[in-house]
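Report on the following structure.
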Amino acid sequence: MKMAETITTTDLVSRFTTLKQDRFSGHLLVKNSNGEEWDICLFLGRILYASGGEHTVRRWLRNVKHNCPEIDIHQLKAALSNSSAATFRRCWEYQLLVAGVEQQKISREQAVKMIGSIVTEVLFDVTQAMYLTYQVKPENLSMPQLVLLDPEQLLTEVKQVWQVWQQAKMTDCYPNRAPVINQPEQLQQQVSPSVYQNLTKLLDGQRTLRDLALAMNRDVKEVTYSLLPYIQAGLMELIEIPDLAVPVAPPSPVTPTPLSPAASKRPLIACVDDSPLVCQSLEQILTTGSYQFLAIQDSLRAIAALLTHKPDLIFLDLVMPNTNGYEICSQLRKVSAFRNTPIIILTGNDGIIDRVRAKIVGATDFLSKPVDGRTVLEVANKYLNHYSL
């Protein structure tokens with residue numbers, strides 16, 4: 001991890017530009033003078049997700065309510081059962097989003113809107129901070145990519161919003177603060193009875209400006225600006241309130257079932273292919289050849305599953321929904337555990353261009369579909385120096 005460096009918010013664009021040019025993957029950790037820290041996850045220089053700050057849970061639940069009001073997040077918690085405690089703490093929100101998309105309880109469009117809104121909110125909070133330090137932490141992120149956002153474009157948009165706040169003299173009005181009434185009698189004299197009744201109901205000290213904006217179906221800038229005269233007159237004030245509890249519990253540690261001595265000596269071969277028929281065919285061929293077999297039909301979870309099981313050889317389909325074999329192969333070669341693992345590309349399009357591109361991204365070999373049992377075993381035996389019993 002790079003040493004912490006002081007940075008101003010105006011320098012963020014140039015930092016993101018450099019990370020984008022370097023195709024950086026990992027975490028940009030930003031901290032303000034109050035100790036608040038934000039974690040901006042980047043994949044190849046683009047923003048995958050962002051989290052942290054004082055209201056991680058409030059922000060996530062607010063965006064779920066706005067974008068996916070029908071979802072019950074407790075239905076998704078089983079998806080975190082394979083997460084480590086450290087991974088859970090760092091990105092439980094993103095994991096739940098991925099689980100919602102995979103289980104078709106959240107559409108990809110809803111997830112993309114949520115991520116865009118959350119990242120924009122994080123960047124705005126970073127922009128509001130006066131003094132910042134930052135660290136870059138390279139990491140081969142194995143999380144599925146629901147969307148990759150351009151950091152320079154987002155920061156430009158956030159900067160424009162921040163300028164509006166400055167022009168309205170709202171720079172001291174932090175949207176994560178909750179408005180409360182200080183002088184109820186004086187306020188009652190200045191507004192109508194119906195307005196006063198609504199204000200006393202809404203300004204209960206339990207909802208931030210952002211929470212109020214959602215409840216009122218208005219933009220947070222409008223809500224803040226409408227309360228600004230009363231805040232400046234001392235009739236109201238903005239107070240800090242705590243974050244909410246994480247809505248799902250951390251996963252319980254699971255003790256894996258040990259392999260038998262005979263099974264542990266058998267090489268493990270994985271097949272990443274969205275076709276159940278291809279996976280079943282390869283399983284039948286390879287298990288009769290005394291190999292262990294792992295089928296992965298969900299391309300979004302492929303890298304995470306491969307990191308968990310660390311197979312000795314990988315058959316990788318070239319054309320899949322959401323991603324492709326080239327991209328997965330390229331990502332795998334950046335992970336030290338798979339730097340020398342044989343990766344065999346599977347495709348029905350046996351063209352010279354595909355073969356060349358497969359070699360460029362680090363593929364070991366190329367196998368045409370439909371697969372032939374004898375050829376599959378010959379390829380597996382060739383790269384694993386293993387022979388059928």
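Identifiers in the structure tokens: chain A, B, ... in order shown; residue index from 1 per chain; ligand index from 1 in order shown.
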| field | Residue neighbourhood Tyr49 in chain A, 9 Å, only C-alpha atoms, exclusion window fewer than 4 positions, as an MDAnalysis selection string | value | chainID A and resid 39:42 91 94 115:116 118:119 147:149
Can you list every residue of range 82-153 of chain A that has an atom at most 12 Å from range 169-190 of chain A, with its nearest atom pair and the distance in Å to one decimal, using only C-alpha atoms, ordered by chain then number, as CSV?
residue,atom,partner,partner_atom,distance
A:Glu121,CA,A:Pro175,CA,9.7
A:Val122,CA,A:Asn176,CA,11.0
A:Phe124,CA,A:Pro175,CA,9.8
A:Asp125,CA,A:Tyr174,CA,8.3
A:Val126,CA,A:Tyr174,CA,11.4
A:Thr127,CA,A:Thr171,CA,10.5
A:Gln128,CA,A:Thr171,CA,7.5
A:Ala129,CA,A:Tyr174,CA,9.9
A:Met130,CA,A:Thr171,CA,10.8
| Any idea what the distance is between CA of Gln160 in chain A and CA of Leu209 in chain A? |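 CA of Gln160 in chain A sits 19.5 Å away from CA of Leu209 in chain A.
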| Contacts of Ala302 in chain A at 10 Å or less, counting only C-alpha atoms, minus same-chain residues fewer than 3 places along, as a list in words? | Ser142, Met143, Pro144, Ala270, Cys271, Val272, Asp273, Ala295, Ile296, Gln297, Asp298, Ser299, Ala305, Leu306, Leu307, Thr308, Leu316 and Ile328 of chain A
| query | Tell me, which residues of range 141-243 of chain A carry DSSP helix (DSSP H, G or I), written as number ranges by chain? | reply | A: 151-167, 184-190, 193-202, 209-216, 220-232
| message | Give me the residues near Trp38 in chain A as number ranges by chain, where near means some atom within 6 Å (using only C-alpha atoms) and where sequence neighbours in that chain fewer than 5 positions away do not count. | response | A: 29-30, 51-53
| What gap, in Å, lies between CA of Met114 in chain A and CA of Val64 in chain A? |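 CA of Val64 in chain A lies at a distance of 7.2 Å from CA of Met114 in chain A.
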| Nearest to Arg301 in chain A: which of A:Leu28, A:Ala363, A:Leu346, A:Ala99 is it, counting only C-alpha atoms? |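 For Arg301 in chain A, the nearest of the given residues is A:Ala99.
The environment of range 217-223 of chain A within 9 Å, counting only C-alpha atoms and disregarding residues fewer than 3 places along the same chain, consists of Val161, Val164, Trp165, Met170, Pro175, Leu209, Arg210, Asp211, Leu212, Ala213, Leu214, Ser226, Leu227 and Leu228 of chain A.
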| task | Would you mind listing what lies within 12 Å of range 274-291 of chain A as an NGL selection string, with only C-alpha atoms counted and same-chain residues fewer than 5 positions away left out? | result | :A and (262-269 or 296-302 or 311-325 or 346-348 or 368-381 or 384 or 386-389)
| request: Select from range 16-228 of chain A everything DSSP, run on the backbone, classes as strand (DSSP E), then give the selection as a count of residues only. | output: 32
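Closest approach to Glu139 in chain A among A:Gln110, A:Ser194, A:Ser25, A:Thr18 is made by A:Ser25 (distances from only C-alpha atoms).
Of the residues under consideration (A:His55, A:Lys20, A:Lys310, A:Lys382), A:His55 shows the shortest atom-to-atom contact distance to Ala245 in chain A when counting only C-alpha atoms.
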| field | CA of Phe338 in chain A to CA of Arg23 in chain A, distance in Å rounded to a single decimal | value |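 Rounded to one decimal, the two atoms are 19.7 Å apart.
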